[in-house]
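**Q** Pasting data26.txt below, which is compact mmCIF, C-alpha atoms.
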```txt
# COMPACT_ATOMS: atom_id res chain seq x y z
CA MET A 1 0.00 0.00 0.00
CA LYS A 2 1.34 3.42 -0.96
CA LYS A 3 2.03 6.14 1.57
CA LEU A 4 0.79 9.66 0.92
CA GLU A 5 4.31 10.92 0.24
CA ASP A 6 4.51 8.41 -2.63
CA TYR A 7 1.91 10.53 -4.46
CA VAL A 8 3.88 13.77 -4.11
CA ILE A 9 6.06 14.66 -7.08
CA SER A 10 9.19 16.56 -6.04
CA ILE A 11 10.56 18.97 -8.62
CA PRO A 12 14.17 20.04 -8.09
CA ASP A 13 15.31 23.60 -8.77
CA PHE A 14 11.81 25.08 -8.96
CA PRO A 15 11.04 27.96 -8.75
CA GLU A 16 14.78 28.62 -8.37
CA PRO A 17 17.99 26.60 -8.04
CA GLY A 18 18.36 24.75 -4.75
CA ILE A 19 14.61 24.60 -4.02
CA ILE A 20 12.71 21.31 -4.14
CA PHE A 21 9.07 22.04 -4.99
CA ARG A 22 6.62 19.56 -3.43
CA ASP A 23 3.69 19.36 -5.85
CA VAL A 24 0.37 18.80 -4.06
CA THR A 25 -1.49 18.55 -7.39
CA SER A 26 0.03 15.09 -7.89
CA ILE A 27 -2.01 13.98 -4.85
CA LEU A 28 -5.16 15.59 -6.23
CA ASP A 29 -4.98 14.08 -9.69
CA ASP A 30 -4.85 10.52 -8.36
CA ALA A 31 -8.11 9.23 -6.86
CA ASP A 32 -6.27 6.96 -4.42
CA GLY A 33 -3.91 9.76 -3.38
CA LEU A 34 -6.76 12.20 -2.81
CA GLN A 35 -8.74 9.67 -0.79
CA LEU A 36 -5.67 8.81 1.28
CA ALA A 37 -4.98 12.50 1.98
CA ILE A 38 -8.54 13.18 3.15
CA ASN A 39 -8.63 10.00 5.23
CA GLN A 40 -5.32 10.79 6.93
CA LEU A 41 -6.34 14.38 7.65
CA GLN A 42 -9.64 13.18 9.06
CA GLU A 43 -7.90 10.61 11.30
CA ARG A 44 -5.97 13.49 12.87
CA LEU A 45 -9.26 15.07 13.92
CA GLU A 46 -10.48 12.03 15.88
CA GLY A 47 -11.11 13.03 19.47
CA ILE A 48 -10.84 16.77 18.72
CA ASP A 49 -13.82 18.78 19.93
CA PHE A 50 -14.52 21.52 17.37
CA ASP A 51 -17.38 23.45 15.82
CA VAL A 52 -16.12 24.71 12.46
CA LEU A 53 -13.41 24.11 9.87
CA VAL A 54 -11.62 27.08 8.32
CA GLY A 55 -9.58 26.79 5.13
CA THR A 56 -7.13 29.27 3.68
CA GLU A 57 -7.18 30.19 0.01
CA SER A 58 -7.06 28.17 -2.07
CA ARG A 59 -5.75 24.70 -1.37
CA GLY A 60 -7.09 24.86 2.18
CA PHE A 61 -10.51 24.90 0.50
CA ILE A 62 -9.67 21.74 -1.47
CA PHE A 63 -8.66 19.75 1.60
CA GLY A 64 -10.98 21.37 4.14
CA MET A 65 -14.27 20.99 2.27
CA PRO A 66 -14.29 17.17 2.15
CA LEU A 67 -13.48 17.11 5.86
CA ALA A 68 -16.33 19.50 6.64
CA TYR A 69 -18.69 17.43 4.51
CA ASN A 70 -17.62 14.10 6.03
CA LEU A 71 -17.80 15.43 9.59
CA HIS A 72 -20.97 17.49 9.03
CA LYS A 73 -19.30 20.75 10.11
CA PRO A 74 -19.60 24.24 8.64
CA PHE A 75 -16.75 25.47 6.46
CA VAL A 76 -15.42 29.03 6.50
CA LEU A 77 -13.23 30.63 3.83
CA VAL A 78 -10.16 32.77 4.47
CA ARG A 79 -9.51 34.66 1.24
CA LYS A 80 -7.17 37.19 -0.25
CA LYS A 81 -8.23 40.80 0.26
CA GLY A 82 -11.17 42.00 -1.82
CA LYS A 83 -12.70 38.60 -2.66
CA LEU A 84 -15.50 38.35 -0.10
CA PRO A 85 -18.82 40.17 -0.63
CA ARG A 86 -20.02 40.90 2.92
CA GLU A 87 -18.45 42.84 5.78
CA THR A 88 -15.01 41.42 6.54
CA VAL A 89 -12.19 41.53 9.04
CA SER A 90 -8.66 41.54 7.67
CA LYS A 91 -5.11 40.85 8.74
CA SER A 92 -1.91 41.85 6.98
CA TYR A 93 1.27 39.86 7.44
CA ASP A 94 4.80 39.78 6.10
CA LEU A 95 5.99 37.49 3.35
CA GLU A 96 9.58 36.72 2.44
CA TYR A 97 9.46 39.56 -0.10
CA GLY A 98 6.64 41.96 0.75
CA SER A 99 3.32 41.54 2.52
CA ALA A 100 -0.17 40.13 2.00
CA THR A 101 -3.63 40.64 3.45
CA ILE A 102 -6.26 37.99 4.13
CA GLU A 103 -9.91 38.42 5.06
CA MET A 104 -12.89 36.49 6.34
CA HIS A 105 -16.50 37.45 6.81
CA LYS A 106 -17.02 39.27 10.10
CA ASP A 107 -19.93 36.99 11.03
CA SER A 108 -18.28 33.69 10.03
CA ILE A 109 -16.93 32.82 13.50
CA LYS A 110 -19.07 33.18 16.60
CA PRO A 111 -17.56 33.91 20.02
CA GLY A 112 -16.61 30.69 21.76
CA GLN A 113 -16.53 28.53 18.65
CA LYS A 114 -13.74 25.96 18.50
CA VAL A 115 -11.97 26.05 15.14
CA VAL A 116 -9.74 23.73 13.10
CA LEU A 117 -7.62 25.50 10.49
CA VAL A 118 -6.74 23.52 7.34
CA ASP A 119 -4.22 24.15 4.56
CA ASP A 120 -2.13 22.09 2.17
CA LEU A 121 1.29 23.30 3.32
CA ILE A 122 3.01 24.91 6.25
CA ALA A 123 6.21 26.70 5.30
CA THR A 124 7.02 29.81 7.36
CA GLY A 125 3.60 29.81 9.03
CA GLY A 126 2.76 33.43 8.18
CA THR A 127 -0.58 32.87 6.45
CA ILE A 128 -1.93 30.41 8.97
CA LYS A 129 -0.79 32.58 11.90
CA ALA A 130 -2.66 35.56 10.40
CA ALA A 131 -5.75 33.37 9.92
CA ALA A 132 -5.57 32.23 13.55
CA GLU A 133 -5.33 35.84 14.71
CA LEU A 134 -8.45 36.72 12.70
CA ILE A 135 -10.35 33.83 14.27
CA GLU A 136 -9.26 34.90 17.75
CA GLU A 137 -10.23 38.52 17.09
CA LEU A 138 -13.74 37.25 16.30
CA GLY A 139 -13.81 35.35 19.60
CA GLY A 140 -13.03 31.89 18.25
CA GLU A 141 -10.53 29.42 19.67
CA VAL A 142 -8.12 27.61 17.34
CA VAL A 143 -7.96 24.05 18.66
CA LYS A 144 -5.90 22.56 15.81
CA MET A 145 -3.96 23.48 12.67
CA LEU A 146 -3.88 20.71 10.11
CA PHE A 147 -1.68 20.41 7.01
CA VAL A 148 -1.04 17.87 4.28
CA MET A 149 2.66 18.79 4.06
CA GLU A 150 5.21 20.63 6.18
CA LEU A 151 8.55 22.08 5.16
CA ALA A 152 10.25 21.75 8.56
CA GLY A 153 13.40 23.55 7.40
CA LEU A 154 11.42 26.81 7.19
CA HIS A 155 10.50 26.59 10.91
CA GLY A 156 6.80 27.43 10.59
CA ARG A 157 6.06 25.55 13.82
CA ASP A 158 8.26 27.99 15.71
CA ARG A 159 5.84 30.78 14.81
CA LEU A 160 2.89 28.64 15.93
CA LYS A 161 4.12 27.37 19.30
CA GLU A 162 0.86 28.13 21.08
CA TYR A 163 -1.18 25.94 18.70
CA ASP A 164 -1.67 22.22 18.16
CA VAL A 165 -0.01 21.78 14.73
CA ASP A 166 -0.21 18.51 12.81
CA SER A 167 1.03 17.54 9.34
CA VAL A 168 0.54 14.29 7.45
CA ILE A 169 3.92 14.57 5.68
CA VAL A 170 6.96 16.34 7.11
CA TYR A 171 9.89 17.19 4.83
CA GLU A 172 13.02 18.09 6.76
CA GLY A 173 14.29 20.60 4.19
CA LYS A 174 12.88 23.77 2.69
```
If you took the structure in this file and wrote it as structure tokens, what would it be?
**A**
Amino acid sequence: MKKLEDYVISIPDFPEPGIIFRDVTSILDDADGLQLAINQLQERLEGIDFDVLVGTESRGFIFGMPLAYNLHKPFVLVRKKGKLPRETVSKSYDLEYGSATIEMHKDSIKPGQKVVLVDDLIATGGTIKAAAELIEELGGEVVKMLFVMELAGLHGRDRLKEYDVDSVIVYEGK
């Protein structure tokens, strides 16, 4: 039986020399890989008491939605600035070269709700940290952060010490 990492295609020297790009689309375009990814993410939620799943744009949507459906939980979107139609709250954060802003609907998290954050990859942890701060500003509690892959060499967990962080696949490098 294949492991989830067997479905990931690693592309050396992309987008620049010395970088190994871990392609999540090679999981998605294989029915067995996709099912294995969702099953392994869902296993990591066993015993976790939570009210809502939140996914970050855009691959957090891909992996979070099946979990929300399977577990009969609501699903909330965290999007790039300017993409949501109702009143939003926003958070800006630093990237390696520049900054970005994410938003979510102001009424999407109710005070006291327990939240699981989902994304495909944790690298430096900037996006997911900003999403957690938005949830907390709305009165929610982040009870778990869940990822398909982690690039441990970029130390994203260091930025997220106060959270329960879990990844299906951990790559030691960058």
**Q** How would you write as a PyMOL selection string the residues that get within 10 Å of (-13.5, 33.6, -1.5) in the file's frame, counting only C-alpha atoms?
**A** chain A and resi 56-58+61+76-85+103-105
**Q** Please determine, counting only C-alpha atoms, which residue among A:Met65, A:Val24, A:Val89, A:Ile48 has the shortest atom-to-atom distance to Asp120 in chain A.
**A**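 Answer, going by the shortest atom-to-atom distance: A:Val24.
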**Q** Pick the closest to Asp51 in chain A from A:Asp158, A:Glu133, A:Glu141, A:Glu150: which is it, counting all atoms listed in the file?
**A**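 Closest to Asp51 in chain A of all the choices is A:Glu141.
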**Q** For CA of Ala68 in chain A and CA of Val52 in chain A, determine how far apart the two atoms are, in Å to one decimal place.
**A**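 Separating CA of Ala68 in chain A from CA of Val52 in chain A is a distance of 7.8 Å.
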**Q** Using all atoms listed in the file, which of the listed residues (A:Ile62, A:Leu121, A:Ala131, A:Ile109) sits closest to Lys91 in chain A?
**A**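 Comparing A:Ile62, A:Leu121, A:Ala131, A:Ile109 against Lys91 in chain A, the winner is A:Ala131.
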**Q** In Å, how far is it from CA of Ile135 in chain A to CA of Thr88 in chain A?
**A** 11.8 Å
**Q** Could you give me, as an NGL selection string, the residues within 7 Å of Asp23 in chain A, counting all atoms listed in the file and dropping anything in the same chain fewer than 4 positions from it?
**A** :A and (8-10)
**Q** Rank A:Gly98, A:Pro17, A:Gly139, A:Gly33 by their smallest atom-to-atom distance to Glu5 in chain A, using all atoms listed in the file, and report the top residue only.
**A**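 With all atoms listed in the file as the atom set, the closest residue is A:Gly33.
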**Q** At a cut-off of 7 Å from (3.7, 31.3, 6.8) in the coordinates of the file, what residues are picked up using all atoms listed in the file, written as number ranges by chain?
**A** A: 122-129, 156
**Q** For Gly153 in chain A, which residue among A:Val165, A:Ile20, A:Leu71, A:Ile11 is the nearest when counting only C-alpha atoms?
**A**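 Checking each candidate against Gly153 in chain A, we get A:Ile20 as the closest.
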**Q** Just the residues within 12 Å of Asp6 in chain A, please, counting all atoms listed in the file, with nothing from its chain fewer than 6 positions along; format it as a ChimeraX atom specification.
**A** /A:22-24,26-27,30,32-34,36-37,169
**Q** In terms of the shortest atom-to-atom distance over all atoms listed in the file, which of A:Phe63, A:Tyr7, A:Phe75, A:Phe21 is closest to Phe147 in chain A?
**A**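 For Phe147 in chain A, the nearest of the given residues is A:Phe63.
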**Q** CA of Leu67 in chain A and CA of Asp164 in chain A, how far apart in Å?
**A**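 Going from CA of Asp164 in chain A over to CA of Leu67 in chain A, I get 17.8 Å.
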**Q** Taking all listed atoms of range 88-102 of chain A, build the axis-aligned box, pad each of the six sides by 8 Å, then write its centre and edge lengths in Å to one decimal as JSON.
**A**
```
{"center_x": -2.7, "center_y": 39.3, "center_z": 4.5, "size_x": 40.6, "size_y": 21.2, "size_z": 25.1}
```
**Q** If we count only C-alpha atoms, what is near Val116 in chain A at a cut-off of 6 Å, once residues fewer than 4 positions away on the same chain are taken out, given as a list in words?
**A** Leu53, Val142, Val143, Lys144 and Met145 of chain A
**Q** My structure is short of atoms at range 20-38 of chain A; please model N, CA, C and O atoms there, returning them as a CSV table (one decimal), in the coordinates of the input.
**A**
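The resulting result_28.csv:
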```csv
chain,number,residue,atom,x,y,z
A,20,ILE,N,13.4,22.5,-3.7
A,20,ILE,CA,12.7,21.3,-4.1
A,20,ILE,C,11.2,21.6,-3.9
A,20,ILE,O,10.8,21.8,-2.8
A,21,PHE,N,10.5,21.7,-5.0
A,21,PHE,CA,9.1,22.0,-5.0
A,21,PHE,C,8.3,20.8,-4.8
A,21,PHE,O,8.4,19.8,-5.5
A,22,ARG,N,7.5,20.7,-3.7
A,22,ARG,CA,6.6,19.6,-3.4
A,22,ARG,C,5.2,19.8,-4.0
A,22,ARG,O,4.5,20.7,-3.5
A,23,ASP,N,4.9,19.1,-5.1
A,23,ASP,CA,3.7,19.4,-5.8
A,23,ASP,C,2.5,18.6,-5.3
A,23,ASP,O,2.3,17.4,-5.4
A,24,VAL,N,1.6,19.4,-4.6
A,24,VAL,CA,0.4,18.8,-4.1
A,24,VAL,C,-0.6,18.4,-5.1
A,24,VAL,O,-1.5,17.5,-4.9
A,25,THR,N,-0.5,18.9,-6.3
A,25,THR,CA,-1.5,18.6,-7.4
A,25,THR,C,-1.3,17.1,-7.8
A,25,THR,O,-2.3,16.5,-8.3
A,26,SER,N,-0.2,16.5,-7.6
A,26,SER,CA,0.0,15.1,-7.9
A,26,SER,C,-0.7,14.2,-6.9
A,26,SER,O,-1.0,13.0,-7.2
A,27,ILE,N,-1.1,14.7,-5.8
A,27,ILE,CA,-2.0,14.0,-4.8
A,27,ILE,C,-3.4,14.1,-5.4
A,27,ILE,O,-4.2,13.1,-5.4
A,28,LEU,N,-3.8,15.3,-5.8
A,28,LEU,CA,-5.2,15.6,-6.2
A,28,LEU,C,-5.6,14.9,-7.5
A,28,LEU,O,-6.7,14.5,-7.6
A,29,ASP,N,-4.6,14.7,-8.4
A,29,ASP,CA,-5.0,14.1,-9.7
A,29,ASP,C,-4.9,12.6,-9.7
A,29,ASP,O,-4.9,11.9,-10.7
A,30,ASP,N,-4.8,12.0,-8.5
A,30,ASP,CA,-4.8,10.5,-8.4
A,30,ASP,C,-6.0,10.2,-7.3
A,30,ASP,O,-5.9,10.7,-6.2
A,31,ALA,N,-7.0,9.5,-7.7
A,31,ALA,CA,-8.1,9.2,-6.9
A,31,ALA,C,-7.7,8.6,-5.6
A,31,ALA,O,-8.2,8.9,-4.5
A,32,ASP,N,-6.7,7.6,-5.6
A,32,ASP,CA,-6.3,7.0,-4.4
A,32,ASP,C,-5.5,7.9,-3.5
A,32,ASP,O,-5.6,7.9,-2.3
A,33,GLY,N,-4.7,8.8,-4.1
A,33,GLY,CA,-3.9,9.8,-3.4
A,33,GLY,C,-4.8,10.8,-2.7
A,33,GLY,O,-4.6,11.1,-1.5
A,34,LEU,N,-5.8,11.2,-3.4
A,34,LEU,CA,-6.8,12.2,-2.8
A,34,LEU,C,-7.5,11.6,-1.7
A,34,LEU,O,-7.6,12.2,-0.6
A,35,GLN,N,-8.0,10.3,-1.9
A,35,GLN,CA,-8.7,9.7,-0.8
A,35,GLN,C,-7.8,9.4,0.4
A,35,GLN,O,-8.3,9.6,1.6
A,36,LEU,N,-6.6,9.0,0.2
A,36,LEU,CA,-5.7,8.8,1.3
A,36,LEU,C,-5.4,10.1,2.0
A,36,LEU,O,-5.4,10.1,3.3
A,37,ALA,N,-5.2,11.2,1.3
A,37,ALA,CA,-5.0,12.5,2.0
A,37,ALA,C,-6.1,12.9,2.9
A,37,ALA,O,-5.9,13.3,4.0
A,38,ILE,N,-7.4,12.8,2.4
A,38,ILE,CA,-8.5,13.2,3.2
A,38,ILE,C,-8.7,12.2,4.3
A,38,ILE,O,-8.9,12.7,5.5
```
